[in-house]
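The block underneath contains the structure these notes are about, expressed in structure tokens.
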Amino acid sequence: MLKIEGLFKQFGGFVAIDDVSFELLEGEKHAIIGPNGAGKTTFFNLVTGHLLPDRGSVAFQGEDITGRPPHRIVKLGLARSFQRINIYPRMSVFENVQVALIARERQEFRFFRLAAGLCGPETNGLLELVGLDEEADELAGELAYGKQKQLELAIALAENPRVLLLDEPTAGMSPSETEEAIRLIREIADARGLTLLFTEHDMTVVFGIADRITVLHHGEIIASGAPEAVRSDPVVRQVYLGEEEAANGAA
Amino acid sequence: MTGRMTRPVLAACLTVLVLLALVPLLESNYLIDLFNEIMIYALFALSLNVIIGYSGNVSFGHAAYFAIGGYTMAILLTTYEWSLLPAFAAAVAFSFACSAVVAYFCTRLTDIYFAMLTLAFSMLVWGVAFKWRSMTGGDDGFVGVDVPAFIAERVPFYYFSLVVIATAVAVLWVICHSAFGRALLAVRENPVRAGFVGINTRLMRWWAFVVAGTFAGIAGSLFAMVHRGMYTESAFWPESATVLIMTLLGGMYSFFGPAIGAASLFLLERLTNEYTEYWPLVLGTILLAILMFLPEGLAGLAQAVRRQILRGR
Ligand SMILES: Nc1ncnc2c1ncn2[C@@H]1O[C@H](COP(=O)(O)OP(=O)(O)OP(=O)(O)O)[C@@H](O)[C@H]1O
Ligand SMILES: [Mg+2]
């Protein structure tokens, strides 16, 4: 689905993504994990066209998409959500999702087609799916954090992608919200046959969803494979899970 | 701003329309001219708000397109003796074309750089109007526009103006509340996210600029006819500032806000000038008050009051 070769990106002198090659297989649920600053978000930004790589290439379904702007990549069926809330705060929850549908249906240059009610049923369906149907008329900026995170997901789903990139979809959620979100993401991915690529710090989320895990450290891939194999990989234990356990032990 | 045409809004619009249609009954030349000019500036401010309120960029040079529409109309009607319809169509088309070219450059930039470039282009337009004396009359202005006979009288012209402006505002309303308008709001709210749902944000901003410039051109061409002339002041930067202040005063987050702002500022200027010479001082104070206390303008204030009353019940 997604084939990345020799991807390299530096900020100033700092190498954020160091020669990463990676393949995302159709239908899999793939987690990218790694400590803070490992380069996970940067990796997403490079794949989705938000940042230009210094070297390397990104191919989506066999098509080279390196250097294309996000709005063109999205139209191919590659959508993403954001680690930090990225919605339209002064628009209603309904409109937040509706705009994505307007764009998907290529209606954004229809000057004389009134927006009220446009794509209404599908918008409401998506809001119901993520549990925001009661908040449809509220301003998105006034939602609670966890709900904004759900809205973020609904917007990404509205693009009807084949591949969905989720950057820490449960970050900042309460444990019960997280549990609900995991269930939801798994359910949607299965129902729609989505290929999923996500980053996450919370290991219950990672092991709850992923069927393959790649570990990123200092911008390099240090391990990749089935969850159990990665969990028992000594290098990974040392640089990543080890830190996590040490942190948990100290807490 | 994002909703449909609600019944109270529609009722208010119709009321205003009827009241405006009744103005000539007052049989005051002063009032007829005053309201004609207010309507023109209302359209001018509403057009600017497509850039400001809807696309989320600030233009410091919107007077350029008003002037382009006005000069084109004046020159075609008078120098080339075109009849009304072709002259009007050409004025609108030329405003469209000029804003299309300028928008191509401006929308490469954002924020203050965008604003400065709009200012630069408007100075260019002003420079042409100022220097091209043989065509525009230079700083003496283009005096003596030939207005077609059937609207040459004050009252018929007033009704002509009312019909054109009401139609233009209605079309603008539809554009702002269309699928395009909604996507444009998303671009204003969060350009990065808008890009990631598949919206070409630069092309959206380009269209917003062109729509704004075109409707400013319509306002300008009426201005040239009501004044029987066109002057370089209309292209100069303080004119751009005035319409910007009108928009902010009325409220950029409301479709009709800028029209309210235009009417308020215009009336206030007339009143102030009757009694004092301190209009710039008053203007400065108004601007200060908006920025400090009324970030969403009069329309925002009205909404806040309405919410308070509803809550009180
Ligand atoms: N635009 C930028 N300019 C300069 N440095 C950047 C930029 N974006 C990211 N970085 C740096 O690149 C490194 C990787 O950041 P990135 O956000 O990709 O990490 P991450 O793995 O997503 O971390 P986290 O788990 O905290 O989200 C960090 O050291 C960060 O400071
Ligand atoms: Mg990150």
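Following the order of the structure tokens, first chain is A, next is B, and so on, with residues numbered from 1 inside each chain and ligands from 1 in the order they appear.
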When you look at Asn57 (chain B) with a cut-off of 7 Å (counting only C-alpha atoms), what residues show up, excluding the ones that are within fewer than 3 positions of it in the same chain? I need them as a VMD selection string. chain B and resid 51 to 52 111
Include all heavy atoms and write out the residues we just selected as a PDB file, in the first residue's frame.
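Produced file out-v8.pdb, reproduced below:
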```
ATOM      1  N   ILE B  51     -12.714  38.353   1.859  1.00  0.00           N
ATOM      2  CA  ILE B  51     -11.285  38.112   2.112  1.00  0.00           C
ATOM      3  C   ILE B  51     -11.025  38.018   3.616  1.00  0.00           C
ATOM      4  O   ILE B  51     -10.367  37.097   4.084  1.00  0.00           O
ATOM      5  CB  ILE B  51     -10.423  39.249   1.520  1.00  0.00           C
ATOM      6  CG1 ILE B  51     -10.578  39.297  -0.001  1.00  0.00           C
ATOM      7  CG2 ILE B  51      -8.959  39.052   1.892  1.00  0.00           C
ATOM      8  CD1 ILE B  51      -9.802  40.425  -0.661  1.00  0.00           C
ATOM      9  N   ILE B  52     -11.571  38.966   4.372  1.00  0.00           N
ATOM     10  CA  ILE B  52     -11.231  39.043   5.791  1.00  0.00           C
ATOM     11  C   ILE B  52     -11.951  37.974   6.604  1.00  0.00           C
ATOM     12  O   ILE B  52     -11.331  37.099   7.206  1.00  0.00           O
ATOM     13  CB  ILE B  52     -11.568  40.445   6.334  1.00  0.00           C
ATOM     14  CG1 ILE B  52     -10.697  41.473   5.621  1.00  0.00           C
ATOM     15  CG2 ILE B  52     -11.320  40.498   7.837  1.00  0.00           C
ATOM     16  CD1 ILE B  52     -10.849  42.863   6.141  1.00  0.00           C
ATOM     17  N   ASP B 111      -0.694  36.152   5.906  1.00  0.00           N
ATOM     18  CA  ASP B 111      -0.517  37.091   7.010  1.00  0.00           C
ATOM     19  C   ASP B 111      -0.092  38.480   6.546  1.00  0.00           C
ATOM     20  O   ASP B 111      -0.604  39.005   5.588  1.00  0.00           O
ATOM     21  CB  ASP B 111       0.490  36.518   8.036  1.00  0.00           C
ATOM     22  CG  ASP B 111       0.084  35.119   8.471  1.00  0.00           C
ATOM     23  OD1 ASP B 111      -1.122  34.926   8.709  1.00  0.00           O
ATOM     24  OD2 ASP B 111       0.949  34.239   8.543  1.00  0.00           O
TER      25      ASP B 111
END
```
Taking only C-alpha atoms into account, find every residue of chain A that has an atom no more than 8 Å from chain B, and write it out as a ChimeraX atom specification. /A:70-75,79-80,86-91,95-96,99-100,102-104,107-116,118,155-156,159
Deliver the residues from the most recent selection as a file, using N, CA, C and O atoms, as a tab-separated table (two decimals), in the first residue's frame.
```tsv
chain	number	residue	atom	x	y	z
A	70	PRO	N	-0.35	18.04	0.49
A	70	PRO	CA	-1.30	17.19	1.23
A	70	PRO	C	-2.65	17.04	0.53
A	70	PRO	O	-3.19	15.94	0.48
A	71	HIS	N	-3.19	18.15	-0.02
A	71	HIS	CA	-4.55	18.05	-0.54
A	71	HIS	C	-4.65	17.10	-1.72
A	71	HIS	O	-5.71	16.54	-1.99
A	72	ARG	N	-3.53	16.88	-2.41
A	72	ARG	CA	-3.57	15.92	-3.52
A	72	ARG	C	-3.36	14.50	-3.02
A	72	ARG	O	-3.94	13.55	-3.56
A	73	ILE	N	-2.53	14.37	-2.00
A	73	ILE	CA	-2.29	13.03	-1.45
A	73	ILE	C	-3.56	12.48	-0.81
A	73	ILE	O	-3.92	11.32	-0.99
A	74	VAL	N	-4.26	13.35	-0.09
A	74	VAL	CA	-5.50	12.94	0.57
A	74	VAL	C	-6.49	12.37	-0.44
A	74	VAL	O	-7.15	11.36	-0.21
A	75	LYS	N	-6.56	13.02	-1.59
A	75	LYS	CA	-7.54	12.59	-2.59
A	75	LYS	C	-7.25	11.21	-3.13
A	75	LYS	O	-8.11	10.58	-3.74
A	79	ALA	N	-5.50	9.35	4.47
A	79	ALA	CA	-5.92	10.39	5.41
A	79	ALA	C	-5.15	10.27	6.72
A	79	ALA	O	-4.54	9.25	6.99
A	80	ARG	N	-5.19	11.34	7.50
A	80	ARG	CA	-4.49	11.28	8.78
A	80	ARG	C	-5.23	12.07	9.84
A	80	ARG	O	-6.05	12.93	9.54
A	86	ASN	N	-6.40	19.39	15.91
A	86	ASN	CA	-6.30	20.15	14.67
A	86	ASN	C	-7.68	20.17	14.00
A	86	ASN	O	-7.94	19.42	13.08
A	87	ILE	N	-8.55	21.03	14.53
A	87	ILE	CA	-9.91	21.09	14.03
A	87	ILE	C	-10.23	22.54	13.65
A	87	ILE	O	-9.33	23.38	13.65
A	88	TYR	N	-11.48	22.83	13.32
A	88	TYR	CA	-11.88	24.21	13.02
A	88	TYR	C	-12.65	24.73	14.21
A	88	TYR	O	-13.86	24.49	14.32
A	89	PRO	N	-11.99	25.44	15.12
A	89	PRO	CA	-12.60	25.74	16.42
A	89	PRO	C	-13.87	26.58	16.35
A	89	PRO	O	-14.78	26.37	17.14
A	90	ARG	N	-13.96	27.51	15.41
A	90	ARG	CA	-15.13	28.40	15.38
A	90	ARG	C	-16.25	27.88	14.49
A	90	ARG	O	-17.17	28.60	14.15
A	91	MET	N	-16.13	26.63	14.08
A	91	MET	CA	-17.22	26.03	13.31
A	91	MET	C	-17.88	24.95	14.16
A	91	MET	O	-17.27	24.45	15.10
A	95	GLU	N	-20.26	21.00	11.06
A	95	GLU	CA	-19.55	21.62	9.93
A	95	GLU	C	-18.12	21.10	9.81
A	95	GLU	O	-17.59	20.98	8.70
A	96	ASN	N	-17.50	20.79	10.95
A	96	ASN	CA	-16.14	20.25	10.91
A	96	ASN	C	-16.07	19.00	10.05
A	96	ASN	O	-15.14	18.82	9.27
A	99	VAL	N	-17.29	19.67	6.10
A	99	VAL	CA	-16.31	20.25	5.17
A	99	VAL	C	-15.45	19.15	4.53
A	99	VAL	O	-15.15	19.20	3.34
A	100	ALA	N	-15.10	18.16	5.33
A	100	ALA	CA	-14.30	17.07	4.78
A	100	ALA	C	-15.08	16.34	3.69
A	100	ALA	O	-14.52	15.94	2.66
A	102	ILE	N	-17.55	17.68	1.86
A	102	ILE	CA	-17.64	18.60	0.72
A	102	ILE	C	-16.39	18.48	-0.15
A	102	ILE	O	-16.46	18.40	-1.37
A	103	ALA	N	-15.24	18.44	0.52
A	103	ALA	CA	-13.99	18.34	-0.22
A	103	ALA	C	-13.88	16.98	-0.91
A	103	ALA	O	-13.44	16.90	-2.06
A	104	ARG	N	-14.28	15.94	-0.21
A	104	ARG	CA	-14.18	14.60	-0.81
A	104	ARG	C	-15.06	14.50	-2.05
A	104	ARG	O	-14.68	13.89	-3.05
A	107	GLN	N	-16.90	19.36	-4.03
A	107	GLN	CA	-17.93	20.39	-4.12
A	107	GLN	C	-17.40	21.76	-3.70
A	107	GLN	O	-18.15	22.72	-3.65
A	108	GLU	N	-16.11	21.82	-3.35
A	108	GLU	CA	-15.61	23.04	-2.72
A	108	GLU	C	-15.56	24.25	-3.65
A	108	GLU	O	-15.37	25.37	-3.20
A	109	PHE	N	-15.74	24.02	-4.94
A	109	PHE	CA	-15.82	25.17	-5.84
A	109	PHE	C	-17.22	25.35	-6.40
A	109	PHE	O	-17.41	25.96	-7.45
A	110	ARG	N	-18.21	24.82	-5.69
A	110	ARG	CA	-19.61	25.06	-6.07
A	110	ARG	C	-20.05	26.34	-5.38
A	110	ARG	O	-20.32	26.35	-4.18
A	111	PHE	N	-20.14	27.42	-6.14
A	111	PHE	CA	-20.39	28.74	-5.55
A	111	PHE	C	-21.87	28.98	-5.27
A	111	PHE	O	-22.22	29.85	-4.49
A	112	PHE	N	-22.73	28.24	-5.97
A	112	PHE	CA	-24.16	28.54	-5.84
A	112	PHE	C	-24.95	27.37	-5.29
A	112	PHE	O	-26.14	27.29	-5.43
A	113	ARG	N	-24.24	26.47	-4.65
A	113	ARG	CA	-24.90	25.34	-4.02
A	113	ARG	C	-24.85	25.57	-2.52
A	113	ARG	O	-23.79	25.50	-1.91
A	114	LEU	N	-26.00	25.85	-1.92
A	114	LEU	CA	-26.01	26.19	-0.49
A	114	LEU	C	-25.49	25.02	0.34
A	114	LEU	O	-25.78	23.86	0.07
A	115	ALA	N	-24.71	25.38	1.38
A	115	ALA	CA	-24.06	24.34	2.18
A	115	ALA	C	-25.01	23.73	3.20
A	115	ALA	O	-24.83	22.57	3.58
A	116	ALA	N	-26.01	24.51	3.62
A	116	ALA	CA	-26.90	24.01	4.67
A	116	ALA	C	-27.48	22.66	4.25
A	116	ALA	O	-28.07	22.54	3.18
A	118	LEU	N	-26.03	20.09	3.18
A	118	LEU	CA	-25.24	19.33	2.21
A	118	LEU	C	-24.54	18.16	2.93
A	118	LEU	O	-23.95	18.35	3.99
A	155	ILE	N	-13.29	13.45	11.27
A	155	ILE	CA	-12.86	14.22	10.09
A	155	ILE	C	-12.00	13.35	9.18
A	155	ILE	O	-12.19	13.32	7.96
A	156	ALA	N	-11.08	12.63	9.80
A	156	ALA	CA	-10.20	11.77	9.00
A	156	ALA	C	-11.02	10.67	8.30
A	156	ALA	O	-10.79	10.36	7.13
A	159	GLU	N	-13.01	11.44	4.99
A	159	GLU	CA	-12.34	11.43	3.69
A	159	GLU	C	-12.43	10.06	3.02
A	159	GLU	O	-11.95	9.89	1.91
```
Selection within 12 Å of ligand 1 by only C-alpha atoms and all ligand atoms, output as a VMD selection string: chain A and resid 8 to 18 32 to 47 50 to 53 82 to 84 166 to 169 171 198 to 202 215 to 221 240
Keeping only C-alpha atoms, write the selected residues as a JSON list (two decimals), in the first residue's frame.
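Result went into result08.json, see below:
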```json
[["chain", "number", "residue", "atom", "x", "y", "z"],
["A", 8, "PHE", "CA", 15.81, 11.26, 5.23],
["A", 9, "LYS", "CA", 14.99, 14.54, 6.92],
["A", 10, "GLN", "CA", 17.03, 16.94, 8.97],
["A", 11, "PHE", "CA", 16.13, 20.16, 10.76],
["A", 12, "GLY", "CA", 19.18, 22.40, 10.76],
["A", 13, "GLY", "CA", 21.89, 19.93, 11.63],
["A", 14, "PHE", "CA", 19.58, 17.62, 13.56],
["A", 15, "VAL", "CA", 18.66, 14.40, 11.78],
["A", 16, "ALA", "CA", 15.02, 13.64, 12.59],
["A", 17, "ILE", "CA", 14.45, 10.78, 10.12],
["A", 18, "ASP", "CA", 17.54, 8.85, 9.18],
["A", 32, "ILE", "CA", 4.93, 2.89, 15.12],
["A", 33, "ILE", "CA", 6.32, 3.28, 18.58],
["A", 34, "GLY", "CA", 9.33, 5.01, 20.00],
["A", 35, "PRO", "CA", 10.31, 7.38, 22.78],
["A", 36, "ASN", "CA", 9.48, 11.10, 22.69],
["A", 37, "GLY", "CA", 11.34, 12.83, 19.90],
["A", 38, "ALA", "CA", 11.98, 9.57, 18.04],
["A", 39, "GLY", "CA", 10.62, 11.13, 14.86],
["A", 40, "LYS", "CA", 7.18, 9.52, 14.62],
["A", 41, "THR", "CA", 5.26, 12.70, 13.89],
["A", 42, "THR", "CA", 7.97, 13.86, 11.50],
["A", 43, "PHE", "CA", 7.66, 10.55, 9.70],
["A", 44, "PHE", "CA", 3.89, 11.09, 9.32],
["A", 45, "ASN", "CA", 4.47, 14.62, 8.12],
["A", 46, "LEU", "CA", 6.85, 13.39, 5.45],
["A", 47, "VAL", "CA", 4.52, 10.66, 4.25],
["A", 50, "HIS", "CA", 3.23, 18.23, 5.15],
["A", 51, "LEU", "CA", 7.03, 18.22, 5.06],
["A", 52, "LEU", "CA", 9.37, 17.69, 2.13],
["A", 53, "PRO", "CA", 11.96, 14.96, 2.62],
["A", 82, "PHE", "CA", -3.13, 14.76, 14.32],
["A", 83, "GLN", "CA", -1.39, 14.34, 17.63],
["A", 84, "ARG", "CA", -2.24, 17.88, 18.64],
["A", 166, "LEU", "CA", -3.42, 8.20, 13.32],
["A", 167, "ASP", "CA", -0.91, 10.19, 15.35],
["A", 168, "GLU", "CA", -1.48, 9.25, 18.99],
["A", 169, "PRO", "CA", -5.26, 8.92, 18.70],
["A", 171, "ALA", "CA", -3.19, 10.95, 23.81],
["A", 198, "PHE", "CA", -0.68, 4.68, 14.04],
["A", 199, "THR", "CA", 1.68, 5.95, 16.69],
["A", 200, "GLU", "CA", 1.00, 5.62, 20.36],
["A", 201, "HIS", "CA", 2.77, 5.75, 23.70],
["A", 202, "ASP", "CA", 0.15, 3.81, 25.60],
["A", 215, "VAL", "CA", 10.10, 0.75, 16.60],
["A", 216, "LEU", "CA", 11.66, 4.08, 15.78],
["A", 217, "HIS", "CA", 14.57, 5.44, 17.77],
["A", 218, "HIS", "CA", 16.55, 8.59, 16.98],
["A", 219, "GLY", "CA", 14.97, 8.61, 13.54],
["A", 220, "GLU", "CA", 15.99, 5.04, 12.70],
["A", 221, "ILE", "CA", 14.01, 1.82, 12.62],
["A", 240, "TYR", "CA", 12.25, 1.69, 24.58]]
```
Can you tell me which residues surround Leu34 (chain B) at a distance of at most 12 Å, considering only C-alpha atoms, apart from same-chain residues fewer than 6 positions away, and format the answer as a ChimeraX atom specification? /B:20,23-24,28,40-41,154,158,223,226-227,263,266-267,269-271
Skip region 113-125 of chain B itself and residues of its chain fewer than 6 positions away, then list as number ranges by chain all residues within 8 Å of it, counting only C-alpha atoms. B: 57-64, 68, 102, 106-107, 235-237
Assign secondary structure with DSSP using the backbone only, and return the residues of region 84-278 of chain B in helix (DSSP H, G or I) as a PyMOL selection string. chain B and resi 84-106+111-131+133-136+138-140+149-151+154-176+179-189+191-196+201-226+232-235+237-250+257-275
Assign secondary structure with DSSP using the backbone only, and return the residues of region 62-279 of chain B in strand (DSSP E) as a PDB file with C-alpha atoms, in the first residue's frame.
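So states23.pdb came out as:
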```
ATOM      1  CA  PHE B 142     -12.460  62.161 -14.035  1.00  0.00           C
ATOM      2  CA  VAL B 143     -15.201  64.735 -14.021  1.00  0.00           C
ATOM      3  CA  GLY B 229     -17.006  61.338 -11.555  1.00  0.00           C
ATOM      4  CA  MET B 230     -14.118  59.288 -10.254  1.00  0.00           C
TER       5      MET B 230
END
```
Which is closest to Pro148 (chain B) among B:Ala302, B:Ala97, B:Phe88, B:Phe209, if we use only C-alpha atoms?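 Looking at the shortest contact to Pro148 (chain B), the residue is B:Phe88.
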Name all residues at most 9 Å from Thr232 (chain B) (count only C-alpha atoms; drop same-chain ones fewer than 4 positions away) and give them as a list in words. Ala67, Trp126, Gly127, Ala129, Phe130, Thr136, Gly138, Asp139, Asp140, Gly141, Phe142 and Phe236 of chain B
Work out how far apart CA of Ala140 (chain A) and CA of Val97 (chain A) are and give it in Å to one decimal.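 Interatomic distance, CA of Ala140 (chain A) to CA of Val97 (chain A): 10.3 Å.
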Just how far from CA of Ile32 (chain B) is CA of Ile245 (chain B), in Å to one decimal? 24.0 Å
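If you look at CA of Thr195 (chain A) and CA of Leu24 (chain A), they are 8.2 Å away from each other.
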Would you list the contacts of Phe150 (chain B) as a ChimeraX atom specification, taking every protein, DNA or RNA residue within 10 Å and counting only C-alpha atoms, but skipping same-chain residues closer than 4 positions in sequence? /B:156-157,160
Name all residues at most 12 Å from Ser161 (chain B) (count only C-alpha atoms; drop same-chain ones fewer than 2 positions away) and give them as a PyMOL selection string. chain B and resi 20-21+32-33+35-41+43+151-152+154-159+163-169+218-226
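Remark: for Phe44 (chain B), the closest of the candidate residues B:Thr214, B:Thr110, B:Ser134, B:Asn29 is B:Thr214 (distances computed over only C-alpha atoms).
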